[in-house]
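Colleague: input30.cif is reproduced in full below (mmCIF, C-alpha atoms).
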```cif
data_input
loop_
_atom_site.label_atom_id
_atom_site.label_comp_id
_atom_site.auth_asym_id
_atom_site.auth_seq_id
_atom_site.Cartn_x
_atom_site.Cartn_y
_atom_site.Cartn_z
CA VAL A 71 -57.29 -68.14 -3.12
CA MET A 72 -60.47 -68.83 -5.06
CA LEU A 73 -61.98 -72.31 -5.31
CA TRP A 74 -64.15 -72.95 -8.37
CA SER A 75 -66.71 -75.72 -8.39
CA ARG A 76 -68.46 -76.69 -11.61
CA THR A 77 -71.69 -77.38 -9.68
CA PRO A 78 -73.58 -74.27 -8.50
CA GLU A 79 -75.27 -76.15 -5.65
CA LYS A 80 -71.97 -77.49 -4.34
CA ALA A 81 -70.29 -74.10 -4.61
CA LYS A 82 -73.14 -72.50 -2.66
CA ALA A 83 -73.06 -75.19 0.03
CA MET A 84 -69.29 -74.98 0.45
CA ALA A 85 -69.36 -71.19 0.52
CA ALA A 86 -71.86 -71.36 3.39
CA SER A 87 -70.20 -74.13 5.42
CA HIS A 88 -66.56 -73.86 4.27
CA CYS A 89 -66.54 -77.64 4.22
CA ASN A 90 -66.36 -80.13 1.35
CA VAL A 91 -68.61 -82.86 2.73
CA ASP A 92 -67.97 -85.26 -0.17
CA TYR A 93 -64.17 -85.42 0.06
CA LEU A 94 -62.92 -83.98 3.37
CA PRO A 95 -66.00 -83.85 5.60
CA ASN A 96 -64.07 -83.29 8.84
CA LEU A 97 -61.99 -80.38 7.59
CA LYS A 98 -62.91 -76.71 7.79
CA LEU A 99 -61.58 -74.75 4.84
CA SER A 100 -59.94 -71.42 5.56
CA SER A 101 -62.38 -68.53 5.75
CA GLN A 102 -60.03 -66.62 3.42
CA ILE A 103 -60.80 -69.01 0.54
CA GLN A 104 -63.49 -67.64 -1.74
CA ILE A 105 -65.71 -70.40 -3.17
CA THR A 106 -67.63 -69.75 -6.36
CA ASN A 107 -69.25 -71.20 -9.48
CA ASP A 108 -68.23 -68.14 -11.52
CA LEU A 109 -65.36 -69.40 -13.68
CA ALA A 110 -64.75 -66.12 -15.51
CA LEU A 111 -64.35 -64.24 -12.22
CA THR A 112 -62.01 -66.89 -10.86
CA ILE A 113 -59.77 -66.71 -13.93
CA LYS A 114 -59.76 -62.91 -13.95
CA ARG A 115 -58.54 -62.69 -10.36
CA ALA A 116 -55.97 -65.47 -10.52
CA GLN A 117 -52.27 -65.37 -11.40
CA VAL A 118 -51.98 -69.15 -11.21
CA LEU A 119 -54.74 -71.55 -12.30
CA VAL A 120 -54.48 -74.89 -10.50
CA PHE A 121 -56.31 -77.74 -12.24
CA VAL A 122 -57.38 -80.53 -9.86
CA VAL A 123 -60.02 -82.29 -11.95
CA PRO A 124 -60.38 -85.93 -13.08
CA SER A 125 -58.28 -86.71 -16.16
CA LYS A 126 -61.38 -87.52 -18.22
CA ALA A 127 -62.70 -83.99 -17.54
CA MET A 128 -59.47 -82.07 -18.16
CA ALA A 129 -60.13 -81.29 -21.84
CA GLU A 130 -63.68 -80.13 -21.09
CA VAL A 131 -62.68 -77.87 -18.21
CA ALA A 132 -59.68 -76.47 -20.10
CA ALA A 133 -61.97 -75.63 -23.02
CA LYS A 134 -64.28 -73.75 -20.63
CA VAL A 135 -61.29 -71.79 -19.33
CA ALA A 136 -60.17 -71.03 -22.90
CA ALA A 137 -63.63 -69.67 -23.68
CA CYS A 138 -63.18 -67.14 -20.88
CA SER A 139 -59.56 -66.13 -21.43
CA THR A 140 -56.42 -66.76 -23.50
CA CYS A 141 -54.57 -67.01 -20.16
CA ALA A 142 -51.62 -65.17 -21.71
CA ASP A 143 -50.72 -63.77 -18.29
CA LYS A 144 -51.52 -66.95 -16.34
CA ILE A 145 -49.39 -69.84 -15.13
CA ILE A 146 -51.23 -73.16 -15.41
CA LEU A 147 -50.50 -75.88 -12.85
CA SER A 148 -51.91 -79.39 -13.21
CA CYS A 149 -52.23 -81.60 -10.13
CA THR A 150 -54.20 -84.31 -11.94
CA LYS A 151 -52.60 -87.77 -11.83
CA GLY A 152 -53.92 -89.48 -14.90
CA ILE A 153 -53.67 -89.97 -18.66
CA ASP A 154 -56.42 -88.99 -21.09
CA PRO A 155 -58.46 -92.18 -21.64
CA THR A 156 -59.16 -91.49 -25.31
CA GLY A 157 -56.04 -89.92 -26.83
CA TYR A 158 -53.60 -91.39 -24.27
CA THR A 159 -52.00 -87.99 -23.74
CA THR A 160 -50.75 -86.36 -20.55
CA MET A 161 -52.58 -83.54 -18.83
CA SER A 162 -49.93 -80.95 -19.68
CA LYS A 163 -50.30 -81.75 -23.38
CA ILE A 164 -54.07 -81.33 -23.16
CA LEU A 165 -53.63 -77.99 -21.39
CA THR A 166 -51.06 -76.87 -23.97
CA ALA A 167 -53.46 -77.74 -26.79
CA LYS A 168 -56.43 -75.97 -25.19
CA LEU A 169 -54.51 -72.98 -23.81
CA PRO A 170 -51.62 -72.46 -26.26
CA LYS A 171 -51.07 -68.83 -25.23
CA ALA A 172 -50.77 -69.49 -21.50
CA LYS A 173 -47.72 -67.94 -19.86
CA ALA A 174 -46.45 -71.35 -18.74
CA ILE A 175 -47.72 -74.85 -17.97
CA ALA A 176 -46.39 -76.90 -15.05
CA VAL A 177 -47.34 -80.02 -13.09
CA MET A 178 -47.24 -81.03 -9.43
CA SER A 179 -46.99 -84.66 -8.32
CA GLY A 180 -45.63 -86.66 -5.41
CA PRO A 181 -46.58 -88.73 -2.34
CA ASN A 182 -49.42 -86.37 -1.47
CA LEU A 183 -52.39 -88.12 0.14
CA ALA A 184 -54.89 -85.31 0.51
CA GLY A 185 -56.12 -86.23 3.98
CA GLU A 186 -52.63 -86.03 5.47
CA ILE A 187 -51.84 -82.71 3.81
CA ALA A 188 -55.16 -81.33 5.05
CA LEU A 189 -54.06 -82.24 8.58
CA ARG A 190 -50.76 -80.42 7.94
CA GLN A 191 -48.65 -83.52 8.37
CA PRO A 192 -45.15 -83.11 6.84
CA GLY A 193 -44.99 -83.97 3.16
CA ALA A 194 -43.04 -83.23 -0.01
CA THR A 195 -43.77 -83.05 -3.72
CA VAL A 196 -42.28 -82.14 -7.10
CA ILE A 197 -43.22 -79.19 -9.29
CA ALA A 198 -42.04 -79.63 -12.87
CA CYS A 199 -41.88 -77.14 -15.71
CA PRO A 200 -39.55 -76.91 -18.73
CA ASP A 201 -38.89 -73.35 -17.57
CA LEU A 202 -37.11 -73.84 -14.23
CA ALA A 203 -37.80 -70.23 -13.21
CA VAL A 204 -41.54 -70.95 -13.34
CA ALA A 205 -41.11 -74.10 -11.24
CA GLU A 206 -39.13 -72.06 -8.69
CA TYR A 207 -41.83 -69.38 -8.63
CA LEU A 208 -44.49 -72.00 -7.92
CA GLN A 209 -42.24 -73.59 -5.32
CA GLY A 210 -42.21 -70.25 -3.50
CA LEU A 211 -46.02 -70.09 -3.54
CA PHE A 212 -46.56 -73.55 -2.05
CA ILE A 213 -43.65 -74.11 0.33
CA ASN A 214 -44.41 -73.83 4.05
CA LYS A 215 -43.55 -75.47 7.36
CA TYR A 216 -45.38 -78.74 6.53
CA PHE A 217 -45.32 -78.94 2.71
CA ARG A 218 -42.04 -78.96 0.80
CA PRO A 219 -42.03 -78.82 -3.02
CA TYR A 220 -38.88 -79.62 -5.00
CA THR A 221 -38.36 -78.42 -8.58
CA SER A 222 -37.74 -80.27 -11.83
CA THR A 223 -37.74 -79.62 -15.56
CA ASP A 224 -38.92 -83.17 -16.35
CA ILE A 225 -42.62 -82.58 -16.90
CA MET A 226 -43.09 -85.86 -18.81
CA GLY A 227 -41.43 -88.00 -16.14
CA VAL A 228 -43.27 -86.40 -13.24
CA GLU A 229 -46.64 -86.77 -14.97
CA LEU A 230 -46.10 -90.37 -16.02
CA CYS A 231 -45.00 -91.37 -12.52
CA GLY A 232 -48.06 -89.73 -10.99
CA ALA A 233 -50.40 -91.45 -13.40
CA LEU A 234 -48.94 -94.95 -13.59
CA LYS A 235 -48.42 -95.41 -9.87
CA ASN A 236 -52.23 -95.51 -9.61
CA CYS A 237 -52.19 -98.67 -11.74
CA MET A 238 -49.66 -100.28 -9.43
CA ALA A 239 -51.76 -99.24 -6.43
CA LEU A 240 -54.68 -101.22 -7.87
CA VAL A 241 -52.45 -104.31 -7.94
CA ALA A 242 -51.21 -103.54 -4.42
CA GLY A 243 -54.81 -103.46 -3.26
CA MET A 244 -55.47 -106.81 -4.91
CA MET A 245 -52.52 -108.32 -3.06
CA SER A 246 -53.74 -106.85 0.23
CA GLY A 247 -57.19 -108.26 -0.48
CA LEU A 248 -55.60 -111.69 -0.89
CA SER A 249 -53.68 -111.21 2.41
CA PHE A 250 -50.26 -111.23 0.74
CA GLY A 251 -47.41 -109.90 2.88
CA ASP A 252 -44.53 -107.44 2.79
CA ASN A 253 -42.34 -109.51 0.44
CA SER A 254 -45.03 -109.37 -2.23
CA MET A 255 -45.53 -105.62 -1.79
CA ALA A 256 -41.80 -104.92 -2.04
CA ALA A 257 -41.60 -107.00 -5.21
CA LEU A 258 -44.55 -105.14 -6.75
CA ILE A 259 -43.15 -101.69 -5.94
CA THR A 260 -39.71 -102.59 -7.30
CA ARG A 261 -40.85 -104.28 -10.49
CA GLY A 262 -43.66 -101.77 -10.97
CA LEU A 263 -41.11 -98.98 -10.88
CA ALA A 264 -39.06 -100.82 -13.49
CA GLU A 265 -42.07 -100.92 -15.83
CA ILE A 266 -42.91 -97.26 -15.31
CA ARG A 267 -39.28 -96.31 -15.93
CA ARG A 268 -39.05 -98.33 -19.16
CA LEU A 269 -42.08 -96.58 -20.63
CA GLY A 270 -41.04 -93.19 -19.31
CA LEU A 271 -37.56 -93.31 -20.81
CA LYS A 272 -39.05 -94.33 -24.15
CA LEU A 273 -41.31 -91.27 -24.04
CA GLY A 274 -38.48 -88.88 -23.18
CA ALA A 275 -38.49 -88.70 -19.38
CA GLN A 276 -35.33 -88.21 -17.31
CA ASN A 277 -33.96 -91.26 -15.50
CA GLU A 278 -33.49 -89.59 -12.10
CA THR A 279 -37.17 -88.68 -11.86
CA PHE A 280 -38.14 -92.30 -11.27
CA TYR A 281 -35.97 -92.52 -8.16
CA GLY A 282 -37.33 -89.36 -6.57
CA LEU A 283 -40.51 -88.18 -4.87
CA ALA A 284 -42.68 -88.29 -8.00
CA GLY A 285 -41.45 -91.80 -8.82
CA VAL A 286 -40.60 -94.26 -6.06
CA GLY A 287 -41.87 -91.88 -3.35
CA ASP A 288 -45.40 -91.67 -4.70
CA LEU A 289 -45.36 -95.36 -5.61
CA ILE A 290 -44.59 -96.39 -2.02
CA ALA A 291 -47.19 -94.06 -0.52
CA THR A 292 -50.00 -95.08 -2.84
CA CYS A 293 -49.31 -98.81 -2.88
CA GLU A 294 -49.02 -99.12 0.88
CA SER A 295 -51.70 -96.67 2.00
CA SER A 296 -55.21 -97.74 2.91
CA GLN A 297 -56.24 -94.11 2.21
CA SER A 298 -55.59 -94.55 -1.51
CA ARG A 299 -58.82 -94.97 -3.49
CA ASN A 300 -56.91 -97.06 -6.05
CA HIS A 301 -55.59 -99.37 -3.33
CA LEU A 302 -59.09 -99.73 -1.90
CA ALA A 303 -60.48 -100.50 -5.34
CA GLY A 304 -57.90 -103.25 -5.75
CA VAL A 305 -58.90 -104.76 -2.42
CA ALA A 306 -62.53 -104.78 -3.53
CA LEU A 307 -61.63 -106.48 -6.83
CA ALA A 308 -59.76 -109.22 -4.98
CA GLN A 309 -62.81 -109.70 -2.77
CA GLY A 310 -64.98 -110.41 -5.79
CA LYS A 311 -66.64 -107.07 -6.49
CA THR A 312 -66.98 -106.01 -10.10
CA MET A 313 -65.34 -102.92 -11.53
CA GLU A 314 -68.79 -101.46 -12.21
CA GLU A 315 -69.82 -101.90 -8.56
CA ILE A 316 -66.61 -100.31 -7.31
CA GLN A 317 -66.90 -97.26 -9.56
CA LYS A 318 -70.59 -96.82 -8.73
CA ASN A 319 -69.90 -96.78 -4.99
CA SER A 320 -66.95 -94.38 -5.15
CA LYS A 321 -67.54 -90.63 -4.82
CA MET A 322 -64.14 -89.96 -6.38
CA VAL A 323 -62.71 -91.04 -9.72
CA ILE A 324 -60.46 -94.11 -9.50
CA GLU A 325 -57.85 -92.83 -11.96
CA GLY A 326 -55.90 -96.09 -12.14
CA ILE A 327 -58.66 -97.89 -14.01
CA MET A 328 -58.64 -95.80 -17.18
CA THR A 329 -54.92 -95.08 -16.85
CA THR A 330 -54.35 -98.83 -17.11
CA LYS A 331 -56.09 -98.81 -20.48
CA ALA A 332 -53.88 -95.93 -21.63
CA ALA A 333 -50.70 -97.53 -20.25
CA PHE A 334 -51.52 -100.84 -21.97
CA ALA A 335 -51.96 -99.03 -25.29
CA LEU A 336 -48.79 -96.96 -24.86
CA ALA A 337 -46.76 -100.07 -23.98
CA ARG A 338 -48.11 -101.88 -27.03
CA ASP A 339 -47.54 -98.96 -29.41
CA ASN A 340 -44.00 -98.37 -28.12
CA GLN A 341 -43.12 -102.08 -27.84
CA ILE A 342 -42.35 -101.80 -24.13
CA GLU A 343 -42.61 -104.89 -21.92
CA MET A 344 -44.98 -104.13 -19.03
CA PRO A 345 -46.22 -107.50 -17.67
CA ILE A 346 -47.85 -106.08 -14.53
CA ILE A 347 -49.81 -103.56 -16.58
CA GLU A 348 -50.75 -106.30 -19.05
CA GLN A 349 -52.19 -108.56 -16.36
CA LEU A 350 -53.96 -105.67 -14.65
CA TYR A 351 -55.54 -104.78 -17.99
CA GLN A 352 -56.76 -108.37 -18.32
CA VAL A 353 -58.36 -108.21 -14.85
CA LEU A 354 -60.04 -104.85 -15.44
CA PHE A 355 -61.17 -105.18 -19.04
CA THR A 356 -61.42 -108.91 -19.84
CA LYS A 357 -62.59 -110.02 -16.37
CA LYS A 358 -59.59 -112.26 -15.76
CA ASN A 359 -59.52 -113.72 -12.25
CA VAL A 360 -57.21 -111.80 -9.88
CA LYS A 361 -55.50 -114.93 -8.56
CA GLU A 362 -55.00 -116.25 -12.08
CA ALA A 363 -53.44 -112.95 -13.16
CA LEU A 364 -50.97 -113.01 -10.26
CA GLU A 365 -50.12 -116.64 -11.01
CA THR A 366 -49.42 -115.67 -14.63
CA LEU A 367 -46.97 -113.02 -13.45
CA MET A 368 -45.16 -115.40 -11.12
CA SER A 369 -44.91 -118.17 -13.73
CA ARG A 370 -43.11 -116.06 -16.34
CA THR A 371 -39.70 -117.31 -17.52
CA GLY A 372 -36.67 -116.16 -15.54
CA LYS A 373 -35.24 -112.72 -16.30
CA LYS A 374 -32.12 -110.71 -15.54
CA GLU A 375 -32.82 -107.81 -13.17
#
```
For this file, produce the structure as structure tokens.
Modeller:
Amino acid sequence: VMLWSRTPEKAKAMAASHCNVDYLPNLKLSSQIQITNDLALTIKRAQVLVFVVPSKAMAEVAAKVAACSTCADKIILSCTKGIDPTGYTTMSKILTAKLPKAKAIAVMSGPNLAGEIALRQPGATVIACPDLAVAEYLQGLFINKYFRPYTSTDIMGVELCGALKNCMALVAGMMSGLSFGDNSMAALITRGLAEIRRLGLKLGAQNETFYGLAGVGDLIATCESSQSRNHLAGVALAQGKTMEEIQKNSKMVIEGIMTTKAAFALARDNQIEMPIIEQLYQVLFTKKNVKEALETLMSRTGKKE
């Protein structure tokens, strides 16, 4: 395994200490992992290229990879849970556009909080690729005694679930910040899933994906976990901090913020009712008060489930 870092200084520091002090400071990386800033060398040696970069940087990094290789003999696997904030496209579509000759493009998503996986606590995920044989090959690479990938051909559904659950986690954090209880959280997860499913089906996803690990599984984990950066950001918003302050103080990208903008646009363009996303958008981008937004949601006219 080779780990590429875009920053030469960080690559050098990690190669010396085998520790990523910014993200997992208490974890020692395996001595067998080679850490480098040499992208061309990394691509040359790899059979599978795993992209774990912020969604806003995916196009840039994929273009750098394309400049080094056509990747005709490479399988590309995206683990990024986000939607492009400008074109509102999924990561797999960006990778397909930048690396059209790649052997195959797949995605991985599920209830996978990094800290728990790093500690080798049992977890599961979904690897999706239109070519099931590729998904099964990747499953064989990643499966072990504490990490269990399942396969799927629904790349759109798996990606949308992974991206949009971050938006719901922001709302979950807001509710936690307001000291709301379990009833509220259960309602959010259930109705949030309904919104994600409505949009996903419109965009061609498979229904069963929303009730599996990538859908409801990841939604539960991210909404209820205090480890989630999106959940923590929601808590901070409810406590009166501005979005600018929250982003400035976070070492990692809070994907749910820009994904909310993309989800709002996709819902509008596809005429899909997504009231939670709409109110979250108002909080994030028009500075609507958190309590007022939640009151708006609760005061909507009655609906059939």
Colleague: Pick the closest to A:Asn90 from A:Gln341, A:Ser222, A:Pro181, A:Ala188: which is it, counting only C-alpha atoms?
Modeller: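 Result for the nearest residue to A:Asn90: A:Ala188.
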Colleague: Which residue, A:Ala303, A:Ala176, A:Cys89, A:Ala198, has the smallest gap to A:Lys318 when you use only C-alpha atoms?
Modeller: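 Looking at the shortest contact to A:Lys318, the residue is A:Ala303.
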Colleague: Which is closest to A:Ile316 among A:Ala264, A:Ala205, A:Leu354, A:Ile342, if we use only C-alpha atoms?
Modeller: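 The answer is A:Leu354, which sits nearest to A:Ile316.
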Colleague: For A:Leu263, which residue out of A:Val91, A:Ile145, A:Met238, A:Leu283 is the nearest one, using all atoms listed in the file?
Modeller: A:Met238
Colleague: To test your reading of the syntax: which residues would the PyMOL selection byres ((chain A and resi 265) around 10) return for the file shown? Reply as a list in words.
Modeller: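 That selection, the PyMOL selection byres ((chain A and resi 265) around 10), comes back as Leu234, Met238, Ile259, Thr260, Arg261, Gly262, Leu263, Ala264, Ile266, Arg267, Arg268, Leu269, Gly270, Ala337, Ile342, Glu343, Met344, Pro345, Ile346 and Ile347 of chain A.
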Colleague: For a test of reading the model, state the distance in Å between atom CA of A:Gly285 and atom CA of A:Asn236, rounded to one decimal.
Modeller: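 Between atom CA of A:Gly285 and atom CA of A:Asn236 the gap is 11.4 Å.
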Colleague: Could you tell me which of A:Val131, A:Leu302, A:Val241, A:Leu273 comes closest to A:Thr330 if we count all atoms listed in the file?
Modeller: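 Of the candidates, the smallest distance to A:Thr330 is held by A:Val241.
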Colleague: Specify as number ranges by chain each residue included when the PyMOL selection byres ((chain A and resi 107) around 7) is applied to this file.
Modeller: A: 74-78, 81, 106, 108-109
Colleague: Could you write those residues out with C-alpha atoms, as a PDB file, keeping the file's coordinate frame?
Modeller:
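As written to disk, part.pdb reads:
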```pdb
ATOM      1  CA  TRP A  74     -64.150 -72.950  -8.370  1.00  0.00           C
ATOM      2  CA  SER A  75     -66.710 -75.720  -8.390  1.00  0.00           C
ATOM      3  CA  ARG A  76     -68.460 -76.690 -11.610  1.00  0.00           C
ATOM      4  CA  THR A  77     -71.690 -77.380  -9.680  1.00  0.00           C
ATOM      5  CA  PRO A  78     -73.580 -74.270  -8.500  1.00  0.00           C
ATOM      6  CA  ALA A  81     -70.290 -74.100  -4.610  1.00  0.00           C
ATOM      7  CA  THR A 106     -67.630 -69.750  -6.360  1.00  0.00           C
ATOM      8  CA  ASP A 108     -68.230 -68.140 -11.520  1.00  0.00           C
ATOM      9  CA  LEU A 109     -65.360 -69.400 -13.680  1.00  0.00           C
TER      10      LEU A 109
END
```
Colleague: Smallest atom-to-atom distance to A:Ala333: which of A:Tyr158, A:Tyr216, A:Phe355, A:Phe121, using only C-alpha atoms?
Modeller: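 Between A:Tyr158, A:Tyr216, A:Phe355, A:Phe121, the residue approaching A:Ala333 most closely is A:Tyr158.
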Colleague: What is the distance between atom CA of A:Thr279 and atom CA of A:Cys231, in Å to one decimal?
Modeller: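 These two atoms are separated by 8.3 Å.
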Colleague: Assuming the chain letters and numbering stay as they are in my file, what does the PyMOL selection byres ((chain A and resi 174) around 10) actually select? List them as a ChimeraX atom specification.
Modeller: /A:118,141-147,166,169-173,175-176,199-201,204-205
Colleague: Within 9 Å of A:Ile197, counting all atoms listed in the file, which residues show up once you throw out same-chain ones fewer than 5 positions away? Write them as a PyMOL selection string, please.
Modeller: chain A and resi 147+176-180+205-206+208-209+219-223+225+228
Colleague: How many Å separate atom CA of A:Ile324 from atom CA of A:Gly232?
Modeller: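 Spanning atom CA of A:Ile324 to atom CA of A:Gly232 is a straight-line distance of 13.2 Å.
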Colleague: Please determine the residues with any atom at most 7 Å from (-46.5, -85.1, -17.7) (coordinates as given in the file, with only C-alpha atoms counting) and report them as number ranges by chain.
Modeller: A: 160-162, 177, 225-230
Colleague: Residues within 9 Å of stretch 357-371 of chain A, please, as a JSON list (two decimals) with C-alpha atoms, keeping the file's coordinate frame. Count only C-alpha atoms; anything in the same chain fewer than 4 positions from it doesn't count.
Modeller:
```json
[["chain", "number", "residue", "atom", "x", "y", "z"],
["A", 244, "MET", "CA", -55.47, -106.81, -4.91],
["A", 245, "MET", "CA", -52.52, -108.32, -3.06],
["A", 248, "LEU", "CA", -55.60, -111.69, -0.89],
["A", 307, "LEU", "CA", -61.63, -106.48, -6.83],
["A", 308, "ALA", "CA", -59.76, -109.22, -4.98],
["A", 310, "GLY", "CA", -64.98, -110.41, -5.79],
["A", 312, "THR", "CA", -66.98, -106.01, -10.10],
["A", 345, "PRO", "CA", -46.22, -107.50, -17.67],
["A", 346, "ILE", "CA", -47.85, -106.08, -14.53],
["A", 349, "GLN", "CA", -52.19, -108.56, -16.36],
["A", 350, "LEU", "CA", -53.96, -105.67, -14.65],
["A", 351, "TYR", "CA", -55.54, -104.78, -17.99],
["A", 352, "GLN", "CA", -56.76, -108.37, -18.32],
["A", 353, "VAL", "CA", -58.36, -108.21, -14.85]]
```
